[in-house]
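Down below is the structure, laid out as structure tokens.
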Amino acid sequence: MDLLEYQGKQLFAKHGIPVPSGEVADTVDEAVAAAERIGYSCAIKAQVLIGGRGKAGGIKIAQNADEARAHADAILGMDIVGPHGEGPFRVDQVWIEGGSEIAEEYYASVILDRGEKKLLAMVSAKGGMDIEAVAAEDPDALVKRHIEPTRDFDAAAARAIVADAGLAEDALDEAAEVLVKLEEVAREEDATLIEVNPLIVTAGRDVVALDSKVTIDGNSLFRHQDLAEIADTVDDLQEQMAKEKGLTYVKLDGNVGILANGAGLCMSTLDVVAQAGGRPANFLDAGGGSKAEAIVNALEVIKSDQKVTAILFNIFGGITRCDEIANGIVTASGQIDLGVPLVVRLDGTNSEEGLRILAEADLPNLHQEKTMLDAARRVVELAGSAS
Amino acid sequence: MSIIVGENTKLAVSGLTGREGSFHGLRNKAYGTDLVAGVTPGKGGQDVEGVPVFDTISDAVTVAGANTSMIFVPARFAAAAIDEAIDSGVETVIAITEGIPVLDMLSTYWKAKEAGVRLIGPNCPGVLSPGKANVGIIPAQFFDPGPIGVVSKSGTLTYQIGNELKQAGTGNSSIVGIGGDPIVGSDFIDILKLYEADPETELIVMVGEIGGDAEERAAEFIAAEVSKPVVAYIAGFTAPPGKQMGHAGAIISGSSGTAQAKKDALEAKGVRVGESPTETAAIAAEMLRSS
């Protein structure tokens with residue numbers, strides 16, 4: 001789960017990392033009122049879960065109320081696309097914070113290194129730009145050190161890292177303290193990525209986190225009540241529905257609705273549909289059980305996406321029995337009117353019995369295929385081109 | 001031969017008194033696995049269909065002789081249960097539980113490493129050695145004994161490939177589900193090592209997916225250390241960046257962890273990568289015939 005900039009900064013403040021004070025607003029009037037309270041100059045920053053906001057015009061400095069109004073009006077409601085094609089993300093909220101006089105811009109992060117199974121601290125004196133580009137052009141400018149899981153990460157260890165990165169001598173102690181606290185945020189808040197870019201030194205030589213990018217491990221939310229509340233706010237209608245029904249759903253932008261059992265098989269189903277020339281509308285893992293109720297729920301979520309023109313149901317029954325799933329499909333089709341063709345591929349445990357149940361039910365607009373590849377081709381054909 | 005589980009496995013199931021634990025534990029027993037104990041704190045002295053239950057895994061080791069632990073404990077207590085199993089003296093811990101916080105696994109991973117205990121999972125379907133033992137939730141009916149070792153991040157996808165291998169007339173030495181979490185006890189490399197050393201395994205099928213760099217690391221390892229042929233499959237070519245695709249570990253972060261990068265890394269080291277599960281099984285069966 002990714003946090004918005006201001007949510008990350010609130011987490012930083014909780015752990016004693018210096019951040020500019022500010023307010024969040026979701027209307028232009030609120031933004032102007034906040035700017036008036038904070039004073040000028042102030043920064044008006046789009047709150048979306050993606051980098052590259054500055055380049056996209058999502059961060060502006062206001063010198064007075066008129067500018068604050070103009071910037072808030074321009075930023076609220078804009079769509080921002082990420083540097084790797086993520087999104088677009090609609091801006092529903094802005095964060096207004098006091099302007100900072102920037103003397104130096106650094107980069108600091110603590111991330112979970114999956115390969116090495118350790119937290120990794122990274123610091124660079126070249127902050128304020130895309131750190132992947134910095135690392136590619138000038139690898140020595142980015143200092144990377146693993147944090148040993150069996151040892152405390154103390155100020156001395158952190159100071160060695162920030163000193164190696166070549167930060168200004170008079171900022172070393174404060175920067176090291178920030179790095180120690182970033183590691184504390186990782187451990188205590190179950191954050192798998194914490195990035196501060198830029199970490200600035202102000203004209204008054206204070207070290208301040210001017211931005212935040214924080215990812216919280218979704219599996220840890222049971223022990224973080226405050227963060228769990230953030231996770232409950234989902235913008236997308238289908239993703240919200242799926243969450244309420246306890247389904248694992250990811251919205252995509254095509255027109256072929258997908259339901260499969262198991263995350264790996266579901267990803268594979270998306271790929272095979274794409275190879276057949278189609279565009280998947282979603283990822284939906286029906287999970288291990290896949291009883292009638294789960295199938296009704298899944299079909300309702302998929303169908304509520306207006307773009308869907310055909311649905312593929314790809315099941316490999318392991319512990320789950322295909323005859324149960326077939327009965328689930330028959331029950332579900334009695335409860336909801338799909339209105340689009342449904343292609344079903346059942347394989348695995350009791351698949352013959354499942355196929356027989358479906359054949360006997362003779363449901364309108366239901367097509368059976370024996371293999372995953374044939375099912376993918378069929379659903380793409382039935383879906384037509386994405387509108 | 002086979003790897004990780006086999007005729008010598010003496011299994012203790014943590015969570016045997018729970019619904020999932022008893023269902024799968026007893027299924028494993030019915031398959032022929034030597035299920036010697038269940039473990040549930042406070043329920044020592046009871047039994048589950050004749051299988052004695054102990055309060056601690058240590059008791060299961062000393063009294064019932066368990067050498068393998070399977071964890072079916074709810075996510076928030078699972079890391080502690082794995083830690084307890086690591087300390088108990090078992091050789092292998094197989095953690096099925098999904099949803100364990102990854103930072104809990106960070107310390108548990110190093111604890112297992114230091115103790116020299118083999119940890120499989122979490123968030124995995126377990127390990128099956130066809131005809132010998134099944135520890136986990138893999139439906140054994142799709143797998144016959146044979147010369148192909150399978151290692152996979154995914155459950156159902158593996159059953160799909162296993163079933164196609166069976167229909168192609170071949171079978172498996174073992175099937176190892178390493179799990180779909182960002183940090184798992186054993187990576188592809190750990191399992192590739194075991195298959196390379198296993199005389200019964202002639203060919204290896206490796207099933208990966210988006211997220212992390214375990215497949216890229218495996219590609220390097222295969223080129224340097226594996227003499228047996230390896231066929232791979234990668235899921236998630238159509239996954240968008242920044243979205244978790246079911247498994248906690250299946251996420252493209254920025255531009256890293258893509259399926260294409262993994263496929264490229266493997267192919268650069270001469271590993272054939274199937275386009276679909278069907279093609280992957282077909283390549284494996286064909287390579288076996290021609291070897």
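Numbering starts fresh at 1 for the residues of each chain in the structure tokens, the chains themselves are lettered A, B, ... in the order given, and ligands are numbered from 1 as they appear.
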### Task
Do a neighbour search on A:Glu97 at 6 Å with only C-alpha atoms, toss out local chain neighbours closer than 5 positions, and write the hits as a list in words.
Ser21, Gly22, Cys42 and Ala43 of chain A
Those residues with N, CA and C atoms, as a CSV table (one decimal), in the first residue's frame please?
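In the end it all went to part00.csv:
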```csv
chain,number,residue,atom,x,y,z
A,21,SER,N,5.5,22.2,7.8
A,21,SER,CA,4.2,22.0,8.2
A,21,SER,C,3.2,22.4,7.0
A,22,GLY,N,2.1,21.8,7.0
A,22,GLY,CA,1.2,22.1,5.8
A,22,GLY,C,-0.2,21.6,6.1
A,42,CYS,N,4.2,29.7,-0.7
A,42,CYS,CA,3.9,28.3,-0.3
A,42,CYS,C,3.8,27.5,-1.5
A,43,ALA,N,4.0,26.2,-1.3
A,43,ALA,CA,3.9,25.2,-2.4
A,43,ALA,C,2.6,24.5,-2.4
```
### Task
Find the spatial neighbours of A:Val178, counting only C-alpha atoms, within a cut-off of 10 Å - ignore same-chain residues fewer than 6 positions away - and output them as a PyMOL selection string.
chain A and resi 12+15-18+108-109+155+158+172+184+196+199+207-209
### Message
Need the shell around A:Phe89: protein/DNA/RNA residues with any atom at most 12 Å away, counting only C-alpha atoms. Skip same-chain ones fewer than 6 positions apart. Format as a VMD selection string?
### Response
chain A and resid 46 to 53 56 58 75 to 82 235 to 236
### Message
Residues within 10 Å of B:Asn163, please, as a ChimeraX atom specification. Count only C-alpha atoms; anything in the same chain fewer than 6 positions from it doesn't count.
### Response
/A:316,347-348 /B:141-144,157,169-171,278,281
### Long-range neighbours of A:Arg279 as number ranges by chain, 6 Å cut-off, only C-alpha atoms, 4 positions minimum in chain
A: 254-256, 274
Now that the selection is made, can you save its residues with C-alpha atoms as a PDB file, in the first residue's frame?
```pdb
ATOM      1  CA  GLY A 254      -9.102  -3.615 -21.695  1.00  0.00           C
ATOM      2  CA  ASN A 255     -12.480  -5.189 -22.417  1.00  0.00           C
ATOM      3  CA  VAL A 256     -11.979  -8.895 -21.630  1.00  0.00           C
ATOM      4  CA  ALA A 274      -3.013 -10.669 -24.658  1.00  0.00           C
TER       5      ALA A 274
END
```
